[in-house]
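Heads up, entry06.txt below (compact mmCIF, N, CA, C and O atoms):
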# COMPACT_ATOMS: atom_id res chain seq x y z
N MET A 32 12.60 -5.41 8.02
CA MET A 32 11.25 -5.71 7.66
C MET A 32 10.28 -4.77 8.39
O MET A 32 9.26 -4.40 7.82
N LEU A 33 10.59 -4.42 9.61
CA LEU A 33 9.74 -3.50 10.36
C LEU A 33 9.72 -2.13 9.69
O LEU A 33 8.67 -1.49 9.61
N THR A 34 10.86 -1.69 9.18
CA THR A 34 10.93 -0.39 8.51
C THR A 34 10.05 -0.38 7.26
O THR A 34 9.33 0.59 7.02
N LEU A 35 10.10 -1.45 6.50
CA LEU A 35 9.27 -1.55 5.29
C LEU A 35 7.79 -1.53 5.64
O LEU A 35 7.00 -0.83 5.00
N SER A 36 7.41 -2.28 6.66
CA SER A 36 6.00 -2.32 7.02
C SER A 36 5.51 -0.99 7.58
O SER A 36 4.39 -0.57 7.31
N LEU A 37 6.34 -0.29 8.34
CA LEU A 37 5.95 1.02 8.85
C LEU A 37 5.87 2.05 7.73
O LEU A 37 4.99 2.92 7.75
N ALA A 38 6.77 1.95 6.76
CA ALA A 38 6.73 2.88 5.63
C ALA A 38 5.48 2.66 4.79
O ALA A 38 4.81 3.62 4.38
N THR A 39 5.12 1.41 4.52
CA THR A 39 3.92 1.14 3.75
C THR A 39 2.66 1.52 4.53
O THR A 39 1.68 1.99 3.95
N LEU A 40 2.69 1.35 5.83
CA LEU A 40 1.56 1.78 6.65
C LEU A 40 1.41 3.31 6.62
O LEU A 40 0.30 3.83 6.56
N PHE A 41 2.53 4.02 6.62
CA PHE A 41 2.50 5.48 6.53
C PHE A 41 1.92 5.93 5.19
O PHE A 41 1.08 6.83 5.14
N VAL A 42 2.33 5.29 4.10
CA VAL A 42 1.81 5.63 2.77
C VAL A 42 0.31 5.34 2.71
O VAL A 42 -0.46 6.13 2.16
N ALA A 43 -0.12 4.23 3.28
CA ALA A 43 -1.55 3.90 3.29
C ALA A 43 -2.35 4.93 4.08
O ALA A 43 -3.43 5.34 3.65
N ALA A 44 -1.81 5.38 5.20
CA ALA A 44 -2.51 6.37 6.01
C ALA A 44 -2.60 7.71 5.28
O ALA A 44 -3.65 8.37 5.30
N ILE A 45 -1.53 8.13 4.64
CA ILE A 45 -1.53 9.39 3.89
C ILE A 45 -2.50 9.31 2.71
O ILE A 45 -3.26 10.26 2.46
N ALA A 46 -2.51 8.19 2.00
CA ALA A 46 -3.43 8.04 0.87
C ALA A 46 -4.89 8.06 1.34
O ALA A 46 -5.75 8.65 0.70
N LEU A 47 -5.17 7.45 2.48
CA LEU A 47 -6.52 7.47 3.01
C LEU A 47 -6.92 8.88 3.45
O LEU A 47 -8.05 9.31 3.22
N TYR A 48 -6.00 9.61 4.04
CA TYR A 48 -6.28 10.98 4.44
C TYR A 48 -6.55 11.87 3.22
O TYR A 48 -7.51 12.64 3.21
N ILE A 49 -5.73 11.72 2.18
CA ILE A 49 -5.92 12.52 0.96
C ILE A 49 -7.26 12.18 0.31
O ILE A 49 -7.97 13.07 -0.17
N SER A 50 -7.64 10.89 0.31
CA SER A 50 -8.90 10.51 -0.31
C SER A 50 -10.10 11.08 0.44
O SER A 50 -11.15 11.29 -0.15
N SER A 51 -9.94 11.35 1.72
CA SER A 51 -11.06 11.92 2.47
C SER A 51 -11.19 13.43 2.25
O SER A 51 -12.25 13.99 2.48
N LYS A 52 -10.14 14.08 1.76
CA LYS A 52 -10.16 15.53 1.57
C LYS A 52 -10.44 15.96 0.13
O LYS A 52 -10.79 17.10 -0.11
N ILE A 53 -10.33 15.05 -0.83
CA ILE A 53 -10.48 15.39 -2.25
C ILE A 53 -11.93 15.22 -2.68
O ILE A 53 -12.62 14.30 -2.24
N ASP A 54 -12.41 16.10 -3.56
CA ASP A 54 -13.78 16.04 -4.05
C ASP A 54 -13.93 15.25 -5.35
O ASP A 54 -15.01 14.78 -5.66
N ASP A 55 -12.86 15.11 -6.12
CA ASP A 55 -12.92 14.41 -7.39
C ASP A 55 -13.11 12.91 -7.15
O ASP A 55 -12.32 12.28 -6.45
N ASP A 56 -14.16 12.33 -7.73
CA ASP A 56 -14.50 10.93 -7.47
C ASP A 56 -13.46 9.95 -8.01
O ASP A 56 -13.17 8.95 -7.36
N VAL A 57 -12.92 10.23 -9.18
CA VAL A 57 -11.94 9.33 -9.78
C VAL A 57 -10.65 9.32 -8.96
O VAL A 57 -10.09 8.26 -8.66
N PHE A 58 -10.19 10.49 -8.58
CA PHE A 58 -8.97 10.60 -7.77
C PHE A 58 -9.20 9.97 -6.39
O PHE A 58 -8.32 9.30 -5.84
N LYS A 59 -10.40 10.16 -5.83
CA LYS A 59 -10.72 9.57 -4.52
C LYS A 59 -10.68 8.05 -4.60
O LYS A 59 -10.15 7.39 -3.71
N ALA A 60 -11.24 7.48 -5.66
CA ALA A 60 -11.23 6.03 -5.82
C ALA A 60 -9.81 5.51 -6.00
O ALA A 60 -9.45 4.47 -5.44
N GLY A 61 -9.00 6.23 -6.76
CA GLY A 61 -7.61 5.82 -6.95
C GLY A 61 -6.81 5.86 -5.66
O GLY A 61 -6.02 4.97 -5.37
N MET A 62 -7.03 6.89 -4.86
CA MET A 62 -6.30 7.00 -3.59
C MET A 62 -6.77 5.93 -2.60
O MET A 62 -5.98 5.40 -1.83
N ARG A 63 -8.05 5.60 -2.61
CA ARG A 63 -8.53 4.53 -1.73
C ARG A 63 -7.99 3.18 -2.16
O ARG A 63 -7.67 2.34 -1.33
N PHE A 64 -7.88 2.95 -3.46
CA PHE A 64 -7.27 1.72 -3.95
C PHE A 64 -5.80 1.65 -3.54
O PHE A 64 -5.31 0.60 -3.12
N THR A 65 -5.10 2.78 -3.66
CA THR A 65 -3.70 2.84 -3.24
C THR A 65 -3.58 2.55 -1.75
O THR A 65 -2.70 1.80 -1.32
N SER A 66 -4.46 3.13 -0.96
CA SER A 66 -4.45 2.90 0.48
C SER A 66 -4.68 1.43 0.80
O SER A 66 -3.99 0.84 1.64
N LEU A 67 -5.64 0.82 0.14
CA LEU A 67 -5.92 -0.60 0.36
C LEU A 67 -4.75 -1.48 -0.04
O LEU A 67 -4.38 -2.41 0.67
N ALA A 68 -4.13 -1.16 -1.18
CA ALA A 68 -3.00 -1.95 -1.65
C ALA A 68 -1.83 -1.88 -0.67
O ALA A 68 -1.22 -2.90 -0.32
N PHE A 69 -1.51 -0.68 -0.20
CA PHE A 69 -0.40 -0.54 0.74
C PHE A 69 -0.74 -1.14 2.10
O PHE A 69 0.14 -1.65 2.79
N PHE A 70 -2.01 -1.11 2.50
CA PHE A 70 -2.40 -1.75 3.74
C PHE A 70 -2.21 -3.26 3.64
O PHE A 70 -1.74 -3.90 4.59
N LEU A 71 -2.56 -3.84 2.50
CA LEU A 71 -2.35 -5.28 2.31
C LEU A 71 -0.87 -5.63 2.28
O LEU A 71 -0.47 -6.68 2.80
N ILE A 72 -0.05 -4.78 1.68
CA ILE A 72 1.40 -5.00 1.70
C ILE A 72 1.91 -4.94 3.13
O ILE A 72 2.77 -5.74 3.54
N THR A 73 1.37 -4.01 3.91
CA THR A 73 1.76 -3.91 5.32
C THR A 73 1.41 -5.19 6.06
O THR A 73 2.21 -5.71 6.84
N LEU A 74 0.22 -5.72 5.83
CA LEU A 74 -0.17 -6.96 6.50
C LEU A 74 0.70 -8.13 6.07
O LEU A 74 0.93 -9.05 6.85
N PHE A 75 1.19 -8.11 4.86
CA PHE A 75 2.05 -9.19 4.39
C PHE A 75 3.46 -9.08 4.98
O PHE A 75 4.05 -10.09 5.35
N CYS A 76 3.99 -7.87 5.11
CA CYS A 76 5.38 -7.67 5.52
C CYS A 76 5.57 -7.46 7.02
O CYS A 76 6.68 -7.57 7.51
N ALA A 77 4.52 -7.16 7.73
CA ALA A 77 4.65 -6.75 9.13
C ALA A 77 4.93 -7.94 10.06
O ALA A 77 4.54 -9.06 9.77
N PRO A 78 5.59 -7.65 11.19
CA PRO A 78 5.73 -8.68 12.22
C PRO A 78 4.37 -8.99 12.84
O PRO A 78 3.42 -8.22 12.70
N TRP A 79 4.26 -10.10 13.52
CA TRP A 79 2.98 -10.55 14.04
C TRP A 79 2.33 -9.56 14.98
O TRP A 79 1.11 -9.38 14.96
N ILE A 80 3.09 -8.91 15.83
CA ILE A 80 2.50 -7.98 16.80
C ILE A 80 1.85 -6.80 16.08
O ILE A 80 0.77 -6.36 16.45
N LEU A 81 2.49 -6.29 15.02
CA LEU A 81 1.92 -5.20 14.25
C LEU A 81 0.68 -5.67 13.49
O LEU A 81 -0.30 -4.93 13.37
N LYS A 82 0.70 -6.89 12.99
CA LYS A 82 -0.48 -7.43 12.31
C LYS A 82 -1.66 -7.51 13.26
O LYS A 82 -2.79 -7.15 12.89
N CYS A 83 -1.42 -7.96 14.46
CA CYS A 83 -2.52 -8.06 15.44
C CYS A 83 -3.06 -6.69 15.79
O CYS A 83 -4.28 -6.52 15.91
N ILE A 84 -2.20 -5.71 15.92
CA ILE A 84 -2.65 -4.35 16.23
C ILE A 84 -3.44 -3.78 15.06
O ILE A 84 -4.48 -3.15 15.26
N LEU A 85 -2.96 -4.00 13.83
CA LEU A 85 -3.64 -3.47 12.65
C LEU A 85 -5.03 -4.08 12.47
O LEU A 85 -5.93 -3.44 11.94
N ILE A 86 -5.21 -5.29 12.89
CA ILE A 86 -6.52 -5.93 12.80
C ILE A 86 -7.40 -5.57 13.99
O ILE A 86 -8.61 -5.37 13.85
N ALA A 87 -6.81 -5.43 15.17
CA ALA A 87 -7.60 -5.18 16.38
C ALA A 87 -8.15 -3.76 16.45
O ALA A 87 -9.26 -3.56 16.96
N VAL A 88 -7.42 -2.78 15.96
CA VAL A 88 -7.87 -1.39 16.06
C VAL A 88 -9.17 -1.15 15.30
O VAL A 88 -10.12 -0.60 15.87
N PRO A 89 -9.29 -1.53 14.02
CA PRO A 89 -10.58 -1.32 13.34
C PRO A 89 -11.73 -2.10 13.99
O PRO A 89 -12.86 -1.61 14.05
N LEU A 90 -11.44 -3.29 14.48
CA LEU A 90 -12.49 -4.06 15.15
C LEU A 90 -12.94 -3.38 16.43
O LEU A 90 -14.13 -3.38 16.75
N ALA A 91 -12.02 -2.78 17.16
CA ALA A 91 -12.36 -2.06 18.39
C ALA A 91 -13.18 -0.81 18.08
O ALA A 91 -14.13 -0.49 18.80
N VAL A 92 -12.84 -0.12 17.00
CA VAL A 92 -13.58 1.08 16.62
C VAL A 92 -15.02 0.71 16.24
O VAL A 92 -15.97 1.39 16.63
N VAL A 93 -15.20 -0.36 15.52
CA VAL A 93 -16.53 -0.81 15.14
C VAL A 93 -17.32 -1.21 16.38
O VAL A 93 -18.51 -0.90 16.51
N LYS A 94 -16.67 -1.89 17.30
CA LYS A 94 -17.33 -2.30 18.54
C LYS A 94 -17.76 -1.08 19.35
O LYS A 94 -18.87 -1.04 19.87
N LEU A 95 -16.90 -0.08 19.46
CA LEU A 95 -17.24 1.13 20.19
C LEU A 95 -18.37 1.90 19.50
O LEU A 95 -19.22 2.48 20.16
N ASP A 96 -18.37 1.90 18.18
CA ASP A 96 -19.42 2.58 17.43
C ASP A 96 -20.78 1.89 17.64
O ASP A 96 -21.79 2.56 17.73
N SER A 97 -20.78 0.58 17.75
CA SER A 97 -22.04 -0.12 17.95
C SER A 97 -22.57 0.08 19.37
O SER A 97 -23.76 -0.09 19.62
N LEU A 98 -21.70 0.44 20.29
CA LEU A 98 -22.12 0.67 21.67
C LEU A 98 -22.49 2.14 21.95
O LEU A 98 -22.83 2.48 23.06
N SER A 99 -22.45 2.97 20.93
CA SER A 99 -22.71 4.39 21.14
C SER A 99 -24.17 4.63 21.52
O SER A 99 -25.04 3.78 21.34
N ALA A 100 -24.44 5.80 22.05
CA ALA A 100 -25.77 6.14 22.56
C ALA A 100 -26.82 6.23 21.45
O ALA A 100 -28.00 6.02 21.70
N LYS A 101 -26.40 6.56 20.24
CA LYS A 101 -27.39 6.73 19.17
C LYS A 101 -28.03 5.41 18.77
O LYS A 101 -29.10 5.39 18.21
N ASN A 102 -27.37 4.29 19.04
CA ASN A 102 -27.91 2.98 18.68
C ASN A 102 -28.76 2.37 19.79
O ASN A 102 -29.37 1.33 19.60
N LEU A 103 -28.78 2.96 20.95
CA LEU A 103 -29.54 2.39 22.07
C LEU A 103 -30.98 2.75 22.01
O LEU A 103 -31.58 3.56 21.63

Show me the file's structure as structure tokens.
Amino acid sequence: MLTLSLATLFVAAIALYISSKIDDDVFKAGMRFTSLAFFLITLFCAPWILKCILIAVPLAVVKLDSLSAKNL
């Protein structure tokens, strides 16, 4: 199960990276949908520790962004 969740997380990361580099809007939307779908599959299949990490990292990034100097 860990292998499946890591593989789907890898596909989601690659799809998100490709969507950030492509200029075509339709292809970008499709790749972001693919990334979201595989991320949700990862959250469904992953062990609890990986789920907690996958949820905590984006929340930490948002928290750090809100504490940046430009917002003060």

Non-local contacts of range 75-92 of chain A (7 Å; all atoms listed in the file; under 2 positions in same chain excluded) as a PDB file with N, CA, C and O atoms, in the frame of the given file:
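Output contents, as saved in out.pdb:
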ATOM      1  N   MET A  32      12.600  -5.410   8.020  1.00  0.00           N
ATOM      2  CA  MET A  32      11.250  -5.710   7.660  1.00  0.00           C
ATOM      3  C   MET A  32      10.280  -4.770   8.390  1.00  0.00           C
ATOM      4  O   MET A  32       9.260  -4.400   7.820  1.00  0.00           O
ATOM      5  N   LEU A  33      10.590  -4.420   9.610  1.00  0.00           N
ATOM      6  CA  LEU A  33       9.740  -3.500  10.360  1.00  0.00           C
ATOM      7  C   LEU A  33       9.720  -2.130   9.690  1.00  0.00           C
ATOM      8  O   LEU A  33       8.670  -1.490   9.610  1.00  0.00           O
ATOM      9  N   LEU A  35      10.100  -1.450   6.500  1.00  0.00           N
ATOM     10  CA  LEU A  35       9.270  -1.550   5.290  1.00  0.00           C
ATOM     11  C   LEU A  35       7.790  -1.530   5.640  1.00  0.00           C
ATOM     12  O   LEU A  35       7.000  -0.830   5.000  1.00  0.00           O
ATOM     13  N   SER A  36       7.410  -2.280   6.660  1.00  0.00           N
ATOM     14  CA  SER A  36       6.000  -2.320   7.020  1.00  0.00           C
ATOM     15  C   SER A  36       5.510  -0.990   7.580  1.00  0.00           C
ATOM     16  O   SER A  36       4.390  -0.570   7.310  1.00  0.00           O
ATOM     17  N   LEU A  37       6.340  -0.290   8.340  1.00  0.00           N
ATOM     18  CA  LEU A  37       5.950   1.020   8.850  1.00  0.00           C
ATOM     19  C   LEU A  37       5.870   2.050   7.730  1.00  0.00           C
ATOM     20  O   LEU A  37       4.990   2.920   7.750  1.00  0.00           O
ATOM     21  N   PHE A  69      -1.510  -0.680  -0.200  1.00  0.00           N
ATOM     22  CA  PHE A  69      -0.400  -0.540   0.740  1.00  0.00           C
ATOM     23  C   PHE A  69      -0.740  -1.140   2.100  1.00  0.00           C
ATOM     24  O   PHE A  69       0.140  -1.650   2.790  1.00  0.00           O
ATOM     25  N   PHE A  70      -2.010  -1.110   2.500  1.00  0.00           N
ATOM     26  CA  PHE A  70      -2.400  -1.750   3.740  1.00  0.00           C
ATOM     27  C   PHE A  70      -2.210  -3.260   3.640  1.00  0.00           C
ATOM     28  O   PHE A  70      -1.740  -3.900   4.590  1.00  0.00           O
ATOM     29  N   LEU A  71      -2.560  -3.840   2.500  1.00  0.00           N
ATOM     30  CA  LEU A  71      -2.350  -5.280   2.310  1.00  0.00           C
ATOM     31  C   LEU A  71      -0.870  -5.630   2.280  1.00  0.00           C
ATOM     32  O   LEU A  71      -0.470  -6.680   2.800  1.00  0.00           O
ATOM     33  N   ILE A  72      -0.050  -4.780   1.680  1.00  0.00           N
ATOM     34  CA  ILE A  72       1.400  -5.000   1.700  1.00  0.00           C
ATOM     35  C   ILE A  72       1.910  -4.940   3.130  1.00  0.00           C
ATOM     36  O   ILE A  72       2.770  -5.740   3.540  1.00  0.00           O
ATOM     37  N   THR A  73       1.370  -4.010   3.910  1.00  0.00           N
ATOM     38  CA  THR A  73       1.760  -3.910   5.320  1.00  0.00           C
ATOM     39  C   THR A  73       1.410  -5.190   6.060  1.00  0.00           C
ATOM     40  O   THR A  73       2.210  -5.710   6.840  1.00  0.00           O
ATOM     41  N   LYS A  94     -16.670  -1.890  17.300  1.00  0.00           N
ATOM     42  CA  LYS A  94     -17.330  -2.300  18.540  1.00  0.00           C
ATOM     43  C   LYS A  94     -17.760  -1.080  19.350  1.00  0.00           C
ATOM     44  O   LYS A  94     -18.870  -1.040  19.870  1.00  0.00           O
ATOM     45  N   LEU A  95     -16.900  -0.080  19.460  1.00  0.00           N
ATOM     46  CA  LEU A  95     -17.240   1.130  20.190  1.00  0.00           C
ATOM     47  C   LEU A  95     -18.370   1.900  19.500  1.00  0.00           C
ATOM     48  O   LEU A  95     -19.220   2.480  20.160  1.00  0.00           O
ATOM     49  N   ASP A  96     -18.370   1.900  18.180  1.00  0.00           N
ATOM     50  CA  ASP A  96     -19.420   2.580  17.430  1.00  0.00           C
ATOM     51  C   ASP A  96     -20.780   1.890  17.640  1.00  0.00           C
ATOM     52  O   ASP A  96     -21.790   2.560  17.730  1.00  0.00           O
ATOM     53  N   SER A  97     -20.780   0.580  17.750  1.00  0.00           N
ATOM     54  CA  SER A  97     -22.040  -0.120  17.950  1.00  0.00           C
ATOM     55  C   SER A  97     -22.570   0.080  19.370  1.00  0.00           C
ATOM     56  O   SER A  97     -23.760  -0.090  19.620  1.00  0.00           O
ATOM     57  N   LEU A  98     -21.700   0.440  20.290  1.00  0.00           N
ATOM     58  CA  LEU A  98     -22.120   0.670  21.670  1.00  0.00           C
ATOM     59  C   LEU A  98     -22.490   2.140  21.950  1.00  0.00           C
ATOM     60  O   LEU A  98     -22.830   2.480  23.060  1.00  0.00           O
TER      61      LEU A  98
END

Do a neighbour search on range 57-68 of chain A at 8 Å with only C-alpha atoms, toss out local chain neighbours closer than 5 positions, and write the hits as a ChimeraX atom specification.
/A:42-47,49-51

Please return, as a count of residues only, all residues of chain A that DSSP assigns to alpha helix (DSSP H) on the basis of the backbone.
60

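Here CA of Lys52 in chain A is placed at a distance of 21.5 Å from CA of Ala38 in chain A.
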
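Taking atom O of Asp56 in chain A and atom O of Phe41 in chain A as endpoints, the distance between them is 19.1 Å.
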